[in-house]
Amino acid sequence: MNKILIVDDEPGIVESFSMVLDDTGCEIDSCLDGFTALEKIKTNDYDIVFLDIKMPKMDGIEVLEKAMEINKDLVVVMISGHGTVETAVESTKKGAYDFLEKPFGLVELNLKFQNALKLKKSRDEIKKYREELIQSNDFSGNSSAISDVREKIDKFVDLELNVLITGESGTGKMLAAKLIHFKSFRSDKPFIRINCARLNKDNIETELFGKIENKELVSEGKLLEATEGTVLFDEIANLSPETQMIIFKVIEEKKFIRVGESKESTINARFIFSTNQDIESLIEDNLFRSEFYHRINVLNINIPPLRERTEDIPVLIKLFSNQVSRSYNIDEKNFTPQAVEILKTLRYPGNVRELRNLIERLIFTVNKDIIDSDDIELPETKHSRTFTELFSKNMSLNEFQNESEKLFLIKMLSDYDYNVSRTADILKIQRSHMYNLINKYNIQKPPKINGKPTQ
């Protein structure tokens with residue numbers, strides 16, 4: 001049953017509303033002043049509020065502002081008398097859905113009510129879909145590491161502080177950023193992702209701040225697009241020290257001047273940052289500014305790689321199998337315990353993203369309802385073929401050890417995009433030792449094609 005609150009200092013108006021709305025089957029509540037209205041809103045879940053603008057002690061605009069602070073999802077229809085239409089229009093800017101001008105007819109009142117009720121129902125549906133979307137895309141797994149990630153996300157959602165999300169490629173940094181946004185009070189506002197790899201000293205101001213030419217708006221800019229929402233600066237390690245300082249100044253001052261404009265624009269947005277690199281190592285190499293790092297690393301969420309939480313793999317296998325079956329309207333396939341154990345032994349340099357791709361490939365290439373360990377064939381790579389050839393060569397043990405170690409290092413560097421710090425961390429050796437091995441075997445970083453090493 002829908003619940004309606006009528007707020008007006010004229011008892012006759014309240015009675016008229018009640019007579020019309022009684023036939024709708026709604027539960028009707030009413031009061032004659034703003035103070036009582038706010039108390040009722042605090043303790044009741046109303047679907048629609050009809051609120052008079054002109055009331056003694058506390059007028060309707062003030063009640064509206066305080067009511068929206070209590071419940072921003074309220075659908076409020078303002079009641080205005082003669083000469084207060086402009087005020088009523090202004091009230092819509094403060095959160096009211098519509099206004100009804102006195103004197104009004106029964107047909108007009110019923111129409112306003114029906115429209116407000118439709119809006120409320122559509123909002124409830126959107127809210128339901130958003131909650132379902134969040135639940136279906138939340139981090140899955142029972143490990144303590146992923147539980148810690150979920151707890152931090154829930155803790156940080158409404159803290160208006162910068163968040164740095166770290167983790168390898170494919171661990172879910174984008175997912176974490178979106179969860180922070182969609183669980184926060186900014187969820188109905190824009191979520192804007194800025195790809196830092198595309199920012200340079202020539203385009204950063206236009207991309208972020210927008211541009212005006214000949215008094216015409218050429219580009220609004222990402223920061224104004226994100227007004228009242230959330231901005232994700234994705235993979236900040238790709239920023240040059242020069243562009244880092246431009247962003248540092250913006251997030252520090254919360255204002256900027258657009259290209260071609262003289263007046264300042266202010267920023268109202270939440271900032272989130274992500275990286276798959278070791279920023280502290282970049283600082284040591286003078287590739288990242290320490291002051292920028294400390295400014296963005298106020299709150300931190302580190303998403304662990306899949307190889308460090310293998311107990312989550314069975315949960316993820318089941319999740320991905322279910323999602324694929326629903327997406328393609330096919331029967332869900334199951335994995336035997338032996339198949340799951342094989343999948344748990346893999347290293348997954350691409351992390352959860354790689355596991356999902358593997359599960360999808362198995363579902364569509366294995367023509368059985370139950371996938372067993374024998375069905376899991378890993379694709380052969382250039383490195384595995386070369387390693388196989390080593391066994392056929394005539395060489396000493398020392399030569400084999402050197403050749404196999406070199407090949408293993410090249411494979412590991414390739415898997416992690418020649419990120420020396422991350423590869424050293426995975427191999428559990430010092431970064432300096434990793435560099436010594438690279439020099440020892442004269443391992444050259446391959447040229448990049450479309451941003452990826454050619455391996």
# chains A, B, ... in the order shown; residues from 1 in each chain; ligands from 1
>>> select_by_dssp(residues="range 96-196 of chain A", states="helix (DSSP H, G or I)", output="ChimeraX atom specification")
/A:106-136,144-156,173-182,196
>>> residues_around(residues="Pro11 in chain A", least_positions_apart="5", cutoff="9 Å", atoms="only C-alpha atoms", output="ChimeraX atom specification")
/A:16,31-32
>>> write_last_selection(atoms="N, CA and C atoms", output="PDB file, in the first residue's frame")
ATOM      1  N   SER A  16      -9.532  18.310   1.584  1.00  0.00           N
ATOM      2  CA  SER A  16      -9.793  18.112   0.158  1.00  0.00           C
ATOM      3  C   SER A  16      -8.881  17.033  -0.418  1.00  0.00           C
ATOM      4  N   CYS A  31      -0.457  16.642   8.334  1.00  0.00           N
ATOM      5  CA  CYS A  31      -0.115  17.540   9.442  1.00  0.00           C
ATOM      6  C   CYS A  31      -0.222  18.980   8.951  1.00  0.00           C
ATOM      7  N   LEU A  32      -0.171  19.932   9.904  1.00  0.00           N
ATOM      8  CA  LEU A  32      -0.451  21.325   9.577  1.00  0.00           C
ATOM      9  C   LEU A  32       0.775  22.222   9.626  1.00  0.00           C
TER      10      LEU A  32
END
>>> atom_distance(atom1="CA of Lys201 in chain A", atom2="CA of Lys189 in chain A")
28.7 Å
>>> closest_residue(among="A:Met55, A:Val352, A:Ile251, A:Val89", to="Ile303 in chain A", atoms="only C-alpha atoms")
A:Val352
>>> residues_around(residues="Lys406 in chain A", least_positions_apart="5", cutoff="9 Å", atoms="only C-alpha atoms", output="ChimeraX atom specification")
/A:401,411,437-438,441,443
>>> residues_around(residues="Asn238 in chain A", least_positions_apart="6", cutoff="10 Å", atoms="only C-alpha atoms", output="list in words")
Asn195, Cys196, Ala197, Arg198, Leu199, Asn200, Gln244, Thr275, Gln277, Leu287 and Phe288 of chain A
>>> residues_around(residues="Ile317 in chain A", least_positions_apart="3", cutoff="9 Å", atoms="only C-alpha atoms", output="list in words")
Asp312, Ile313, Pro314, Phe320, Ser321, Asn322, Asn334, Phe335, Val340, Leu355, Arg356 and Ile359 of chain A
>>> atom_distance(atom1="CA of Glu27 in chain A", atom2="CA of Ile53 in chain A")
22.8 Å
>>> closest_residue(among="A:Pro103, A:Asn110, A:Glu125, A:Leu38", to="Asp23 in chain A", atoms="only C-alpha atoms")
A:Asn110
>>> select_by_dssp(residues="range 161-202 of chain A", states="strand (DSSP E or B)", output="PyMOL selection string")
chain A and resi 163-166+191-195
>>> write_last_selection(atoms="C-alpha atoms", output="JSON list (two decimals), in the first residue's frame")
[["chain", "number", "residue", "atom", "x", "y", "z"],
["A", 163, "VAL", "CA", 40.92, 6.45, -2.90],
["A", 164, "LEU", "CA", 43.84, 4.66, -4.57],
["A", 165, "ILE", "CA", 43.03, 1.17, -5.86],
["A", 166, "THR", "CA", 46.07, -0.99, -6.57],
["A", 191, "PHE", "CA", 30.63, 7.80, -13.18],
["A", 192, "ILE", "CA", 33.37, 9.10, -15.47],
["A", 193, "ARG", "CA", 36.47, 7.03, -16.32],
["A", 194, "ILE", "CA", 39.54, 8.88, -17.55],
["A", 195, "ASN", "CA", 42.12, 6.72, -19.33]]
>>> decode(residues="range 285-358 of chain A", atoms="C-alpha atoms", output="compact mmCIF listing (two decimals), in the first residue's frame")
# COMPACT_ATOMS: atom_id res chain seq x y z
CA ASP A 285 63.15 6.16 -10.34
CA ASN A 286 61.89 9.79 -10.48
CA LEU A 287 58.96 8.76 -12.70
CA PHE A 288 56.25 9.61 -10.21
CA ARG A 289 55.96 12.63 -7.92
CA SER A 290 55.82 11.74 -4.23
CA GLU A 291 53.57 14.70 -3.36
CA PHE A 292 51.01 13.53 -5.92
CA TYR A 293 51.18 9.96 -4.60
CA HIS A 294 50.58 11.04 -1.00
CA ARG A 295 47.66 13.25 -2.07
CA ILE A 296 45.83 10.47 -3.90
CA ASN A 297 46.72 7.63 -1.51
CA VAL A 298 44.53 8.81 1.38
CA LEU A 299 42.44 5.63 1.39
CA ASN A 300 43.88 2.49 -0.18
CA ILE A 301 42.38 -0.74 -1.50
CA ASN A 302 44.82 -3.37 -2.71
CA ILE A 303 43.19 -6.18 -4.68
CA PRO A 304 45.27 -9.35 -4.37
CA PRO A 305 46.16 -11.44 -7.45
CA LEU A 306 44.20 -14.64 -8.01
CA ARG A 307 47.25 -16.84 -7.37
CA GLU A 308 47.25 -15.56 -3.75
CA ARG A 309 43.61 -16.52 -3.15
CA THR A 310 43.20 -19.85 -4.92
CA GLU A 311 40.45 -20.84 -2.45
CA ASP A 312 38.22 -18.38 -4.35
CA ILE A 313 38.68 -20.16 -7.68
CA PRO A 314 35.93 -22.80 -7.15
CA VAL A 315 33.47 -20.01 -6.29
CA LEU A 316 34.47 -18.04 -9.38
CA ILE A 317 34.21 -21.09 -11.65
CA LYS A 318 30.64 -21.67 -10.48
CA LEU A 319 29.80 -17.96 -10.84
CA PHE A 320 31.18 -17.64 -14.38
CA SER A 321 29.57 -20.88 -15.52
CA ASN A 322 26.21 -19.65 -14.23
CA GLN A 323 26.61 -16.20 -15.82
CA VAL A 324 27.55 -17.67 -19.21
CA SER A 325 24.59 -20.06 -19.18
CA ARG A 326 22.15 -17.25 -18.37
CA SER A 327 23.68 -14.83 -20.89
CA TYR A 328 23.50 -17.33 -23.78
CA ASN A 329 20.40 -19.19 -22.58
CA ILE A 330 22.15 -22.56 -22.45
CA ASP A 331 22.28 -25.31 -19.85
CA GLU A 332 24.82 -24.66 -17.14
CA LYS A 333 27.92 -26.86 -17.25
CA ASN A 334 29.55 -28.26 -14.14
CA PHE A 335 33.23 -28.88 -13.41
CA THR A 336 34.44 -32.03 -11.66
CA PRO A 337 36.56 -31.69 -8.49
CA GLN A 338 39.56 -32.88 -10.53
CA ALA A 339 38.98 -30.14 -13.13
CA VAL A 340 38.69 -27.54 -10.39
CA GLU A 341 41.95 -28.73 -8.83
CA ILE A 342 43.74 -28.38 -12.20
CA LEU A 343 42.36 -24.86 -12.59
CA LYS A 344 43.54 -23.98 -9.08
CA THR A 345 47.16 -24.82 -9.96
CA LEU A 346 47.47 -22.27 -12.79
CA ARG A 347 49.21 -18.94 -12.24
CA TYR A 348 46.75 -16.66 -14.12
CA PRO A 349 48.90 -13.62 -15.02
CA GLY A 350 45.64 -12.09 -16.28
CA ASN A 351 43.97 -12.88 -12.94
CA VAL A 352 40.16 -13.10 -12.69
CA ARG A 353 39.72 -11.81 -16.24
CA GLU A 354 41.89 -14.66 -17.57
CA LEU A 355 40.02 -17.26 -15.51
CA ARG A 356 36.68 -16.02 -16.84
CA ASN A 357 37.95 -16.19 -20.44
CA LEU A 358 39.20 -19.75 -19.83
